[in-house]
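First up is the structure itself, then whatever we jot down about it.
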Amino acid sequence: MLRVAVKMLLGDRVKYAGLLIGIAFTSFLVTFAGSYFAGFMTRGFALITENPRTDVWVMDPAVRSVEPTTNMPSSALDRVRSVEGVSTAVPLALGRADVRFPNGRFQSFQVVGVDDATLAGVPPLQDGVTAMALRAPDAVIVDPGGTTGKLQTPVETADQWYGGPPRLNVPTRKLGPGDDLLVNDRRVTVVGRARALSRYPPRPLLYTTYSNALRILLPERRRLTFVLVTAAPGLAPRALARRIEDRTGLRARASDDFKADTVWWILANSEDVGDIETMLSIAILVGFGVMGVLLYMFTNENLRQYAVLRAMGATPQRLMTMIFVQAALCAIIGTGLGLGVCAVAGQFLTGSDYPFRMMWFTPAVGALMVFIVSVVSAAISARCALTLEPGIVFSGR
Amino acid sequence: MQSAPTSAPGCDIVVSCRGVTKSYGSDEAKVAALRGIDLDVRRGELLMIVGPSGCGKTTLISVITTILNHDAGECNVLGRDVQRMSEQERAVFRSKSIGFVFQLFNLLPALTAVENVAIPLLIEGVPWKSAKSRANELLATIGLGARTTALPANLSGGQQQRVAIARAVVHDPALLVCDEPTSNLDHETGHAVMEVLRSLTEKSNRTVIVVTHDHRIFEFADRIARMDDGRITEIVEGKDREQVP
Ligand SMILES: Nc1ncnc2c1ncn2[C@@H]1O[C@H](COP(=O)(O)OP(=O)(O)O)[C@@H](O)[C@H]1O
Ligand SMILES: [Mg+2]
């Protein structure tokens, strides 16, 4: 009888195609949305990803994510270094600064101050420049950080503003090595462009040494945002983090835990995320609504056929099996198509700078939701087919 | 040899109804479709039930085939009291003992002729291979051997109804019930379909009940029961059919 069920399904090509497209579209939508979301979250902890050698992040006890942060006294660095099991510990300063371009345009940057000695935390650079370039006085490295068109400087030196009125509508080119910027009234020189990971929320980045960061950021009593720790060989990051917390009273998190903290923080606190969630939820609900209705319609239009089978003595269990097999077949093939398209789309998108990460759980969630909707609509359809008077088969309509 | 209403298999009476009533709806909107049916159907005969539209013919065969529960009275079919059967038992009973032919053929449109014919065997659990070969044989004996893989949409009305008849008898049921089998067919085709029906039932001693409006096929009847307003008003032998208006 399963053969009959499958034939019934494939027999009506148009309806079957509609059903498949509906399910494929829905599973695509869910997986894509999930991957898009995962992409954003990944950008949220880009700073952690950019420091793969760091085992443990140490911070002020009130800090819950890489963004936003508050600072520790600089003595914290020595306290961390004195904990046994800490192999290396280097400072990292994060700050925000309004940077002025030579034509007077201003732009908010995140300033990342890395350890003067090791330059740990500088991302890969473009044009063959090495992190050593930061050792030059007032040197900075810039990165768009997921933004576009924000790192533009005037083409003509005549369009320099210093002192006069700003010249905002002049021809511009990409900011590059040798260009000057003004950070809190201090002149800095761009020595290179980075290939940093895109950030969420996106904003341009300015990498410099820790000591230079102290110089150009607005004076604050405390400037040390994070201490990046590597563990002694054989010591688990989590164990070390717990030990650092015990000995120093600071907050210390293994890198993976800190990533998770950051994702939770964004989920709980970011209004953007709420908006994205709402929009995606609506899209997904519509997709599943359409899919459920299509599945239901399919059975409903075949009600007479089910009634014939029932009259001929097919038991309710058997009819139910047939309906569920039909739903399962549609769900599996449709989901396969949807996930396939999503994977292909992902290949294209990750090439470009688009927040898309198809992690293991996104297709799983997509498939699970398709499964649930299929079962529910199959159950509703089955109910219709089983409560139907089989006597309708005699009607001459 | 006259049987009691509770006839067992092997007796001459295959269907026995005594005072069977059935009404649809409730209270004010109640429609009495059967108002006390007394009817015996003999083994191996072809009984036709005739009567005006709405007189309860379809309701009666629905009760006899266990598709519909009646309200009161007694109805025994092939030695079973239909009122006493569970839903599951009815399904199994129908699949083993009853064949159906419908006015609108009711073939599954996505299935080929041979697949349609094989359905009752598949319901009984016969493996597809043997069900298919049995169905193919049967289609060949009724002159449709060349159309076994055709879809219903590509068959004429007469061919479809012949396929439907093959489907109704493929599992060798003791009772075959046909509701207006020829009323969607022209006279000649209807006649040919009845010939097929007769050829498939004559030898097997199968009992056939045919509900019809079509006086042109009365010649196939052994007996004709006339119904009006939920009652059987008279039963005549087929050879006396001229008496039926
Ligand atoms: N499902 C139903 N609900 C309500 N009334 C019905 C239903 N089926 C049949 N009837 C009524 O019962 C009566 C007998 O119907 P039916 O058995 O179909 O007659 P026939 O087959 O002789 O035309 C008619 O008056 C019809 O309107
Ligand atoms: Mg009728």
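Every chain in the structure tokens has a letter given in the order shown (A, B, ...), and although residue numbers restart at 1 in each chain, ligands are simply numbered from 1 in the order shown.
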
| task | Considering only C-alpha atoms, extract the chain A residues located within 9 Å of chain B and return them as a ChimeraX atom specification. | result | /A:1,3-4,7-12,304-305,308-316,318,389-391,393-397

| message | Just want the 10 Å neighbourhood of segment 138-142 of chain B, counted on only C-alpha atoms, with same-chain residues fewer than 2 positions away dropped. Output as a ChimeraX atom specification. | response | /B:113-114,117-118,132-136,144-148,159,162-163,165-167,169-170,193,195-197,199-200

| message | Please return as a list in words the residues found within 8 Å of ligand 1, counting only C-alpha atoms and all ligand atoms. | response |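 Within the 8 Å cut-off, the matching residues are Glu389, Gly391, Ile392 and Ser395 of chain A; Ser23, Tyr24, Gly25, Lys30, Val31, Ala32, Ala33, Leu34, Gly51, Pro52, Ser53, Gly54, Cys55, Gly56, Lys57, Thr58, Thr59, Leu60 and Gly230 of chain B.
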
Write to file, as a short mmCIF file (atom, residue, chain, number, x, y, z; two decimals), in the first residue's frame, the residues of the selection just made, with N, CA and C atoms.
data_model
loop_
_atom_site.label_atom_id
_atom_site.label_comp_id
_atom_site.auth_asym_id
_atom_site.auth_seq_id
_atom_site.Cartn_x
_atom_site.Cartn_y
_atom_site.Cartn_z
N GLU A 389 -17.18 10.49 6.19
CA GLU A 389 -18.12 9.41 5.91
C GLU A 389 -17.64 8.67 4.67
N GLY A 391 -19.28 6.90 3.02
CA GLY A 391 -20.43 6.87 2.13
C GLY A 391 -20.36 7.86 0.98
N ILE A 392 -19.50 8.89 1.10
CA ILE A 392 -19.44 9.88 0.03
C ILE A 392 -18.99 9.26 -1.29
N SER A 395 -21.75 8.95 -3.67
CA SER A 395 -22.43 10.12 -4.20
C SER A 395 -22.02 10.33 -5.65
N SER B 23 -32.06 7.03 9.80
CA SER B 23 -32.37 8.42 9.45
C SER B 23 -31.12 9.28 9.62
N TYR B 24 -31.07 10.33 8.85
CA TYR B 24 -29.95 11.26 8.89
C TYR B 24 -30.33 12.48 9.71
N GLY B 25 -29.35 13.13 10.28
CA GLY B 25 -29.59 14.37 11.03
C GLY B 25 -30.30 14.07 12.33
N LYS B 30 -34.44 15.99 10.81
CA LYS B 30 -34.29 14.55 10.61
C LYS B 30 -34.89 14.10 9.27
N VAL B 31 -34.12 13.29 8.54
CA VAL B 31 -34.62 12.71 7.29
C VAL B 31 -34.61 11.20 7.45
N ALA B 32 -35.79 10.59 7.34
CA ALA B 32 -35.85 9.13 7.45
C ALA B 32 -35.54 8.55 6.07
N ALA B 33 -34.37 7.93 5.94
CA ALA B 33 -33.96 7.39 4.65
C ALA B 33 -34.45 5.96 4.47
N LEU B 34 -34.41 5.17 5.55
CA LEU B 34 -34.93 3.80 5.52
C LEU B 34 -36.00 3.70 6.59
N GLY B 51 -35.78 2.46 -7.99
CA GLY B 51 -36.67 3.37 -7.29
C GLY B 51 -36.27 4.80 -7.56
N PRO B 52 -37.15 5.72 -7.27
CA PRO B 52 -36.86 7.12 -7.57
C PRO B 52 -35.68 7.65 -6.75
N SER B 53 -35.11 8.72 -7.23
CA SER B 53 -33.97 9.34 -6.55
C SER B 53 -34.38 9.76 -5.14
N GLY B 54 -33.56 9.48 -4.18
CA GLY B 54 -33.84 9.89 -2.81
C GLY B 54 -34.67 8.90 -2.02
N CYS B 55 -34.95 7.74 -2.60
CA CYS B 55 -35.81 6.79 -1.90
C CYS B 55 -35.02 5.94 -0.91
N GLY B 56 -33.71 6.04 -0.92
CA GLY B 56 -32.92 5.35 0.11
C GLY B 56 -32.08 4.19 -0.41
N LYS B 57 -31.93 4.08 -1.72
CA LYS B 57 -31.19 2.94 -2.28
C LYS B 57 -29.74 2.94 -1.81
N THR B 58 -29.10 4.09 -1.94
CA THR B 58 -27.69 4.17 -1.56
C THR B 58 -27.52 3.92 -0.07
N THR B 59 -28.44 4.47 0.72
CA THR B 59 -28.39 4.25 2.16
C THR B 59 -28.48 2.76 2.47
N LEU B 60 -29.37 2.08 1.78
CA LEU B 60 -29.55 0.65 2.03
C LEU B 60 -28.26 -0.13 1.74
N GLY B 230 -38.07 4.83 1.34
CA GLY B 230 -37.46 4.12 2.45
C GLY B 230 -38.00 2.73 2.69
#

| task | Tell me, in Å to one decimal, how far atom CA of Gly238 of chain B is from atom CA of Thr201 of chain B. | result |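 Distance reported for this atom pair: 16.8 Å.
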
| request: Find the residues around Ser211 of chain A up to 7 Å (only C-alpha atoms counted), leave out those fewer than 3 positions away in its own chain, and share them as a VMD selection string. | output: chain A and resid 116 214 to 215

| Near Gly128 of chain A, counting only C-alpha atoms, which residues have an atom at most 12 Å away, once you skip same-chain residues fewer than 6 positions from it, shown as a PyMOL selection string? | chain A and resi 177+191-195

| message | If DSSP is run on the backbone, what residues of segment 170-299 of chain A are alpha helix (DSSP H)? A reply as JSON, numbers by chain would be ideal. | response | {"A": [210, 211, 212, 213, 214, 215, 216, 237, 238, 239, 240, 241, 242, 243, 244, 245, 246, 247, 248, 255, 256, 257, 258, 259, 260, 261, 262, 263, 264, 265, 266, 267, 268, 269, 271, 272, 273, 274, 275, 276, 277, 278, 279, 280, 281, 282, 283, 284, 285, 286, 287, 288, 289, 290, 291, 292, 293, 294, 295, 296, 297, 298, 299]}

| said: With only C-alpha atoms as the counted atoms, please give the residues lying no more than 8 Å from Thr153 of chain A, apart from itself and same-chain residues fewer than 6 positions off, as a list in words. | reply: Phe101, Pro102, Asn103, Thr172, Arg173, Lys174 and Leu175 of chain A

| atom CA of Leu47 of chain B to atom CA of Asn205 of chain B, straight-line distance in Å |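 Distance reported for this atom pair: 13.1 Å.
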
| request: Identify, with DSSP run on backbone atoms, the residues in segment 139-356 of chain A assigned to strand (DSSP E), and express the list as a PyMOL selection string. | output: chain A and resi 139-143+152-154+172-174+180-183+186-193+205-209+226-231+251-254

| task | Skip Arg81 of chain A itself and residues of its chain fewer than 4 positions away, then list as JSON, numbers by chain all residues within 10 Å of it, counting only C-alpha atoms. | result | {"A": [76, 77, 85, 86, 87, 88, 89, 90, 227, 229, 244]}

| field | Selected residue of minimal separation from ligand 2 among B:Asp81, B:Ser26, B:Val236, B:Val50, counting only C-alpha atoms and all ligand atoms | value |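 Among B:Asp81, B:Ser26, B:Val236, B:Val50, it is B:Val50 that comes nearest to ligand 2.
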
| Counting only C-alpha atoms, the residue of A:Arg221, A:Val290, A:Pro355, A:Ala24 that sits nearest Asn71 of chain A |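 That would be A:Arg221, the residue with the smallest distance to Asn71 of chain A.
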
| Spatial neighbours of Asp272 of chain A, max dist 12 Å, only C-alpha atoms, sep filter under 4 positions, as an MDAnalysis selection string | chainID A and resid 37 40:41 200:201 266:268 276:279
